[in-house]
Amino acid sequence: MPKLKKEKKEKEPKRVYWLRKALFATGADYLMVFGQNCAGKSFQAKEEAIINHALKGKRFFYLRRMVDEINQDKATLYFSDTPVNEYTKGQWDGIEAFRGLLYFYRMNEDGKKERSSYIGAYDSLYNWQKIKSVAWVDFDFIIFEEFIAANYYLEDECTVLQKAVSAIFRDHKGVVLMLGNSISRNVPYFKNWTPNVFKQKPGTIAKYHYHDEAGEGNDIDVAIEYTGHIEGTGKMFFGRASKTIMAGEWDVVEEPKLPKDKDIYENVYELLLQTSNFAFVLQLLIDPYDGARLLYVYPFTGKRKIQRTITDQFSADPMTTAGFKDNRPEQYMRECIRTNKACFSDNLTANDFRSVVAQLKL
């Protein structure tokens with residue numbers, strides 16, 4: 001009887017995680033990191049909070065954007081994967097959230113839970129007015145989770161975050177670590193703090209320096225890291241999701257392209273739609289054979305001048321407005337957007353365009 005050959009078991013790829021060392025080495029006050037899911041960003045944030053702050057007599061703040069994103073149970077679960085017993089050399093078993101504060105806890109010999117003095121706090125950015133009214137003693141580190149939202153931000157959120165941070169740190173500096181996934185490019189923090197982020201390559205860090213306009217010498221450094229793809233993370237993603245969730249690519253869906261060659265259409269009207277981060281050419285095209293109207297959108301390269309502009313920036317030019325004019329071509333353009341008769345040069349352009357249209361309420 002022939003001997004059966006043993007099947008060789010394929011080795012799973014060694015799991016690699018994002019490490020915070022390079023980003024923290026920049027010495028920046030605001031540290032931003034974004035990229036794929038399951039890359040270890042949150043784990044690194046919690047490890048930093050415990051080892052380099054809580055265990056050294058300092059406190060940290062766990063921050064989310066909206067109230068329904070954070071409560072006592074969710075905050076406790078957030079720290080449930082953290083090896084507190086290892087970090088504290090057996091002194092404590094884990095971290096528990098209770099009434100807005102965070103504690104180390106352990107079970108004593110009688111089976112009762114014991115808590116440390118509080119090591120941190122948690123709340124939502126939406127509650128920044130409540131945060132402002134409290135004295136946060138010995139806080140020097142903030143974890144701001146999911147700073148990149150799919151579509152919703154607070155009004156003037158960049159300023160709101162700075163007010164909350166200033167209230168927590170009071171009269172001293174600290175470090176704010178902001179964590180996000182690459183689900184949208186229409187991010188106020190990119191617009192206001194890191195305008196060259198879209199030129200960054202995966203695996204790179206960029207640093208920005210801002211002077212204190214109040215003249216008190218409180219200059220601020222912002223560093224941002226784009227993690228890109230990290231091997232061996234995530235087991236349940238496939239298809240398009242595997243690119244956006246696991247490879248760190250921007251989250252885009254398949255969008256309509258021109259049904260016919262562009263040269264066939266008659267370009268009857270065009271304008272520039274521009275924000276500080278994005279610029280698009282909008283063309284109203286007519287099919288000469290059946291008279292069908294459609295809107296075509298592609299990125300503006302700056303190689304030619306377009307007189308008519310829609311923008312959220314101030315301009316005294318009468319050809320520049322904050323929205324569509326009440327003329328027939330522009331009303332047709334607006335109708336094309338509303339009735340899903342817009343076509344795009346590529347999927348990423350479409351994703352950015354739809355975010356800007358929603359932002360400007362066009």
# chains A, B, ... in the order shown; residues from 1 in each chain; ligands from 1
>>> select_by_dssp(residues="stretch 100-342 of chain A", states="alpha helix (DSSP H)", output="VMD selection string")
chain A and resid 128 to 132 157 to 169 188 to 192 240 to 241 328 to 338
>>> select_by_dssp(residues="stretch 156-223 of chain A", states="strand (DSSP E)", output="number ranges by chain")
A: 175-181, 204-210, 220-223
>>> write_last_selection(atoms="N, CA and C atoms", output="PDB file, in the first residue's frame")
ATOM      1  N   VAL A 175      -0.009  66.018  24.334  1.00  0.00           N
ATOM      2  CA  VAL A 175      -0.004  65.385  23.013  1.00  0.00           C
ATOM      3  C   VAL A 175      -1.410  64.889  22.690  1.00  0.00           C
ATOM      4  N   VAL A 176      -1.871  65.182  21.475  1.00  0.00           N
ATOM      5  CA  VAL A 176      -3.159  64.700  20.985  1.00  0.00           C
ATOM      6  C   VAL A 176      -2.888  63.705  19.865  1.00  0.00           C
ATOM      7  N   LEU A 177      -3.305  62.465  20.053  1.00  0.00           N
ATOM      8  CA  LEU A 177      -3.143  61.432  19.032  1.00  0.00           C
ATOM      9  C   LEU A 177      -4.491  61.195  18.369  1.00  0.00           C
ATOM     10  N   MET A 178      -4.562  61.452  17.058  1.00  0.00           N
ATOM     11  CA  MET A 178      -5.800  61.338  16.307  1.00  0.00           C
ATOM     12  C   MET A 178      -5.711  60.143  15.360  1.00  0.00           C
ATOM     13  N   LEU A 179      -6.685  59.231  15.477  1.00  0.00           N
ATOM     14  CA  LEU A 179      -6.657  57.982  14.728  1.00  0.00           C
ATOM     15  C   LEU A 179      -7.814  57.933  13.737  1.00  0.00           C
ATOM     16  N   GLY A 180      -7.531  57.488  12.502  1.00  0.00           N
ATOM     17  CA  GLY A 180      -8.597  57.411  11.503  1.00  0.00           C
ATOM     18  C   GLY A 180      -8.335  56.368  10.447  1.00  0.00           C
ATOM     19  N   ASN A 181      -9.398  55.992   9.735  1.00  0.00           N
ATOM     20  CA  ASN A 181      -9.304  55.079   8.603  1.00  0.00           C
ATOM     21  C   ASN A 181      -9.604  55.837   7.320  1.00  0.00           C
ATOM     22  N   THR A 204       4.529  57.207   4.812  1.00  0.00           N
ATOM     23  CA  THR A 204       5.296  58.441   5.020  1.00  0.00           C
ATOM     24  C   THR A 204       4.664  59.304   6.108  1.00  0.00           C
ATOM     25  N   ILE A 205       5.478  60.205   6.642  1.00  0.00           N
ATOM     26  CA  ILE A 205       5.034  61.158   7.656  1.00  0.00           C
ATOM     27  C   ILE A 205       5.336  62.569   7.162  1.00  0.00           C
ATOM     28  N   ALA A 206       4.383  63.456   7.306  1.00  0.00           N
ATOM     29  CA  ALA A 206       4.588  64.870   6.957  1.00  0.00           C
ATOM     30  C   ALA A 206       4.372  65.714   8.215  1.00  0.00           C
ATOM     31  N   LYS A 207       5.131  66.794   8.311  1.00  0.00           N
ATOM     32  CA  LYS A 207       5.043  67.655   9.497  1.00  0.00           C
ATOM     33  C   LYS A 207       4.745  69.089   9.080  1.00  0.00           C
ATOM     34  N   TYR A 208       3.857  69.739   9.818  1.00  0.00           N
ATOM     35  CA  TYR A 208       3.451  71.116   9.555  1.00  0.00           C
ATOM     36  C   TYR A 208       3.694  71.952  10.808  1.00  0.00           C
ATOM     37  N   HIS A 209       4.140  73.169  10.598  1.00  0.00           N
ATOM     38  CA  HIS A 209       4.409  74.076  11.722  1.00  0.00           C
ATOM     39  C   HIS A 209       3.504  75.294  11.613  1.00  0.00           C
ATOM     40  N   TYR A 210       2.866  75.646  12.730  1.00  0.00           N
ATOM     41  CA  TYR A 210       1.960  76.789  12.750  1.00  0.00           C
ATOM     42  C   TYR A 210       2.383  77.787  13.823  1.00  0.00           C
ATOM     43  N   ILE A 220       2.642  75.589  17.218  1.00  0.00           N
ATOM     44  CA  ILE A 220       2.126  74.222  17.237  1.00  0.00           C
ATOM     45  C   ILE A 220       2.667  73.444  16.045  1.00  0.00           C
ATOM     46  N   ASP A 221       3.052  72.199  16.278  1.00  0.00           N
ATOM     47  CA  ASP A 221       3.452  71.288  15.211  1.00  0.00           C
ATOM     48  C   ASP A 221       2.403  70.196  15.055  1.00  0.00           C
ATOM     49  N   VAL A 222       2.072  69.910  13.804  1.00  0.00           N
ATOM     50  CA  VAL A 222       1.144  68.833  13.469  1.00  0.00           C
ATOM     51  C   VAL A 222       1.891  67.842  12.586  1.00  0.00           C
ATOM     52  N   ALA A 223       1.854  66.563  12.948  1.00  0.00           N
ATOM     53  CA  ALA A 223       2.479  65.520  12.130  1.00  0.00           C
ATOM     54  C   ALA A 223       1.409  64.517  11.722  1.00  0.00           C
TER      55      ALA A 223
END
>>> residues_around(residues="stretch 275-292 of chain A", least_positions_apart="2", cutoff="10 Å", atoms="only C-alpha atoms", output="PyMOL selection string")
chain A and resi 185-188+190-192+194-198+260+262+264-273+294-302+306+309-313+329-330+332-333+336+341-344+349-350+352-353+356+360
>>> write_last_selection(atoms="C-alpha atoms", output="JSON list (two decimals), in the first residue's frame")
[["chain", "number", "residue", "atom", "x", "y", "z"],
["A", 185, "ARG", "CA", -10.97, 62.61, 1.81],
["A", 186, "ASN", "CA", -13.33, 65.47, 2.66],
["A", 187, "VAL", "CA", -11.93, 66.01, 6.15],
["A", 188, "PRO", "CA", -11.83, 69.45, 7.84],
["A", 190, "PHE", "CA", -6.93, 67.89, 6.18],
["A", 191, "LYS", "CA", -8.32, 71.16, 4.80],
["A", 192, "ASN", "CA", -7.16, 73.31, 7.71],
["A", 194, "THR", "CA", -2.53, 69.20, 6.52],
["A", 195, "PRO", "CA", -3.34, 70.60, 3.04],
["A", 196, "ASN", "CA", -0.72, 68.48, 1.24],
["A", 197, "VAL", "CA", -1.97, 65.17, 2.66],
["A", 198, "PHE", "CA", -3.21, 63.91, -0.71],
["A", 260, "LYS", "CA", -20.13, 57.70, -25.21],
["A", 262, "LYS", "CA", -16.44, 62.70, -24.96],
["A", 264, "ILE", "CA", -19.30, 63.27, -29.46],
["A", 265, "TYR", "CA", -20.89, 65.64, -26.94],
["A", 266, "GLU", "CA", -21.30, 69.40, -27.29],
["A", 267, "ASN", "CA", -19.90, 71.31, -24.32],
["A", 268, "VAL", "CA", -22.45, 74.12, -23.88],
["A", 269, "TYR", "CA", -21.38, 75.47, -20.47],
["A", 270, "GLU", "CA", -18.67, 74.95, -17.90],
["A", 271, "LEU", "CA", -17.63, 76.24, -14.50],
["A", 272, "LEU", "CA", -15.06, 75.59, -11.77],
["A", 273, "LEU", "CA", -16.10, 74.19, -8.39],
["A", 294, "LEU", "CA", -25.66, 65.33, -18.64],
["A", 295, "LEU", "CA", -23.05, 66.75, -16.31],
["A", 296, "TYR", "CA", -19.43, 65.71, -16.69],
["A", 297, "VAL", "CA", -16.99, 66.25, -13.77],
["A", 298, "TYR", "CA", -13.22, 65.90, -13.81],
["A", 299, "PRO", "CA", -10.31, 67.29, -11.73],
["A", 300, "PHE", "CA", -9.13, 70.81, -12.51],
["A", 301, "THR", "CA", -5.43, 70.89, -13.35],
["A", 302, "GLY", "CA", -5.02, 74.66, -13.49],
["A", 306, "ILE", "CA", -12.23, 79.18, -16.27],
["A", 309, "THR", "CA", -16.37, 79.74, -10.24],
["A", 310, "ILE", "CA", -18.33, 78.31, -7.33],
["A", 311, "THR", "CA", -16.36, 78.31, -4.09],
["A", 312, "ASP", "CA", -16.62, 78.54, -0.31],
["A", 313, "GLN", "CA", -13.80, 81.10, -0.28],
["A", 329, "PRO", "CA", -27.38, 76.23, -17.79],
["A", 330, "GLU", "CA", -26.56, 76.18, -14.09],
["A", 332, "TYR", "CA", -29.60, 72.22, -15.63],
["A", 333, "MET", "CA", -26.33, 71.37, -13.86],
["A", 336, "CYS", "CA", -28.26, 66.68, -13.27],
["A", 341, "LYS", "CA", -27.28, 62.37, -14.46],
["A", 342, "ALA", "CA", -23.69, 63.22, -13.55],
["A", 343, "CYS", "CA", -20.73, 61.31, -15.00],
["A", 344, "PHE", "CA", -17.15, 61.37, -13.78],
["A", 349, "THR", "CA", -13.16, 62.26, -8.32],
["A", 350, "ALA", "CA", -16.82, 61.27, -7.96],
["A", 352, "ASP", "CA", -14.67, 63.79, -3.57],
["A", 353, "PHE", "CA", -17.20, 65.70, -5.67],
["A", 356, "VAL", "CA", -18.00, 68.71, -1.56],
["A", 360, "LEU", "CA", -21.53, 73.25, 0.26]]
>>> closest_residue(among="A:Leu154, A:Val137, A:Ala358, A:Leu77", to="A:Arg338", atoms="only C-alpha atoms")
A:Ala358
>>> residues_around(residues="stretch 110-116 of chain A", least_positions_apart="3", cutoff="10 Å", atoms="only C-alpha atoms", output="list in words")
Trp92, Asp93, Gly94, Ile95, Glu96, Leu102, Tyr103, Phe104, Tyr105, Arg106, Met107 and Ile119 of chain A
>>> closest_residue(among="A:Ser184, A:Gln274, A:Gln44, A:Ser345", to="A:Thr321", atoms="only C-alpha atoms")
A:Gln274
>>> residues_around(residues="A:Ala45", least_positions_apart="2", cutoff="9 Å", atoms="only C-alpha atoms", output="VMD selection string")
chain A and resid 20 40 to 43 47 to 50 143 177 179
>>> residues_around(residues="A:Arg59", least_positions_apart="4", cutoff="10 Å", atoms="only C-alpha atoms", output="mmCIF file with N, CA, C and O atoms, in the first residue's frame")
data_model
loop_
_atom_site.group_PDB
_atom_site.id
_atom_site.type_symbol
_atom_site.label_atom_id
_atom_site.label_comp_id
_atom_site.auth_asym_id
_atom_site.auth_seq_id
_atom_site.Cartn_x
_atom_site.Cartn_y
_atom_site.Cartn_z
ATOM 1 N N ALA A 49 -0.960 55.383 26.250
ATOM 2 C CA ALA A 49 -1.690 56.028 27.345
ATOM 3 C C ALA A 49 -1.368 55.386 28.686
ATOM 4 O O ALA A 49 -1.190 56.082 29.697
ATOM 5 N N ILE A 50 -1.279 54.070 28.693
ATOM 6 C CA ILE A 50 -1.053 53.358 29.956
ATOM 7 C C ILE A 50 0.404 53.415 30.381
ATOM 8 O O ILE A 50 0.734 53.826 31.506
ATOM 9 N N ASN A 52 3.160 55.155 29.199
ATOM 10 C CA ASN A 52 3.902 56.421 29.267
ATOM 11 C C ASN A 52 3.145 57.554 29.934
ATOM 12 O O ASN A 52 3.656 58.673 30.014
ATOM 13 N N HIS A 53 1.931 57.265 30.414
ATOM 14 C CA HIS A 53 1.166 58.333 31.085
ATOM 15 C C HIS A 53 0.574 57.827 32.399
ATOM 16 O O HIS A 53 0.969 58.283 33.469
ATOM 17 N N ALA A 54 -0.373 56.881 32.344
ATOM 18 C CA ALA A 54 -1.037 56.426 33.573
ATOM 19 C C ALA A 54 -0.051 55.840 34.578
ATOM 20 O O ALA A 54 -0.155 56.101 35.782
ATOM 21 N N LEU A 55 0.903 55.055 34.101
ATOM 22 C CA LEU A 55 1.866 54.430 35.021
ATOM 23 C C LEU A 55 2.997 55.366 35.425
ATOM 24 O O LEU A 55 3.875 54.985 36.207
ATOM 25 N N LEU A 102 -11.952 56.845 34.053
ATOM 26 C CA LEU A 102 -11.338 55.551 33.772
ATOM 27 C C LEU A 102 -10.471 55.123 34.952
ATOM 28 O O LEU A 102 -9.749 55.947 35.533
ATOM 29 N N TYR A 118 -8.526 57.378 39.789
ATOM 30 C CA TYR A 118 -8.808 57.453 38.363
ATOM 31 C C TYR A 118 -7.545 57.792 37.559
ATOM 32 O O TYR A 118 -6.710 58.582 37.978
ATOM 33 N N ILE A 119 -7.414 57.129 36.403
ATOM 34 C CA ILE A 119 -6.237 57.296 35.550
ATOM 35 C C ILE A 119 -6.550 58.095 34.287
ATOM 36 O O ILE A 119 -5.648 58.463 33.537
ATOM 37 N N GLY A 120 -7.836 58.345 34.041
ATOM 38 C CA GLY A 120 -8.207 59.067 32.835
ATOM 39 C C GLY A 120 -9.685 59.392 32.816
ATOM 40 O O GLY A 120 -10.395 59.209 33.818
ATOM 41 N N ALA A 121 -10.146 59.863 31.665
ATOM 42 C CA ALA A 121 -11.543 60.239 31.512
ATOM 43 C C ALA A 121 -11.968 59.980 30.070
ATOM 44 O O ALA A 121 -11.135 59.748 29.189
ATOM 45 N N TRP A 136 -9.147 69.528 34.740
ATOM 46 C CA TRP A 136 -8.534 68.240 34.418
ATOM 47 C C TRP A 136 -7.086 68.246 34.928
ATOM 48 O O TRP A 136 -6.189 68.741 34.271
ATOM 49 N N VAL A 137 -6.899 67.692 36.105
ATOM 50 C CA VAL A 137 -5.593 67.741 36.777
ATOM 51 C C VAL A 137 -4.690 66.619 36.266
ATOM 52 O O VAL A 137 -5.095 65.451 36.214
ATOM 53 N N ASP A 138 -3.475 66.980 35.886
ATOM 54 C CA ASP A 138 -2.433 66.031 35.468
ATOM 55 C C ASP A 138 -2.741 65.295 34.172
ATOM 56 O O ASP A 138 -2.189 64.224 33.918
ATOM 57 N N PHE A 139 -3.596 65.843 33.327
ATOM 58 C CA PHE A 139 -3.851 65.246 32.015
ATOM 59 C C PHE A 139 -2.820 65.767 31.015
ATOM 60 O O PHE A 139 -2.586 66.980 30.936
ATOM 61 N N ASP A 140 -2.197 64.870 30.263
ATOM 62 C CA ASP A 140 -1.204 65.311 29.278
ATOM 63 C C ASP A 140 -1.253 64.512 27.972
ATOM 64 O O ASP A 140 -0.373 64.635 27.132
ATOM 65 N N PHE A 141 -2.314 63.686 27.801
ATOM 66 C CA PHE A 141 -2.421 62.877 26.584
ATOM 67 C C PHE A 141 -3.891 62.675 26.236
ATOM 68 O O PHE A 141 -4.712 62.404 27.126
ATOM 69 N N ILE A 142 -4.208 62.820 24.946
ATOM 70 C CA ILE A 142 -5.584 62.632 24.462
ATOM 71 C C ILE A 142 -5.570 61.657 23.296
ATOM 72 O O ILE A 142 -4.766 61.793 22.371
#
>>> closest_residue(among="A:Asp346, A:Glu145, A:Asp212, A:Glu225", to="A:Tyr62", atoms="only C-alpha atoms")
A:Glu145
>>> closest_residue(among="A:Leu161, A:Cys38, A:Leu101, A:Leu23", to="A:Arg64", atoms="only C-alpha atoms")
A:Leu161
>>> closest_residue(among="A:Tyr122, A:Phe60, A:Phe34, A:Tyr189", to="A:Gln72", atoms="only C-alpha atoms")
A:Tyr122
>>> atom_distance(atom1="atom CA of A:Val33", atom2="atom CA of A:Tyr226")
6.0 Å
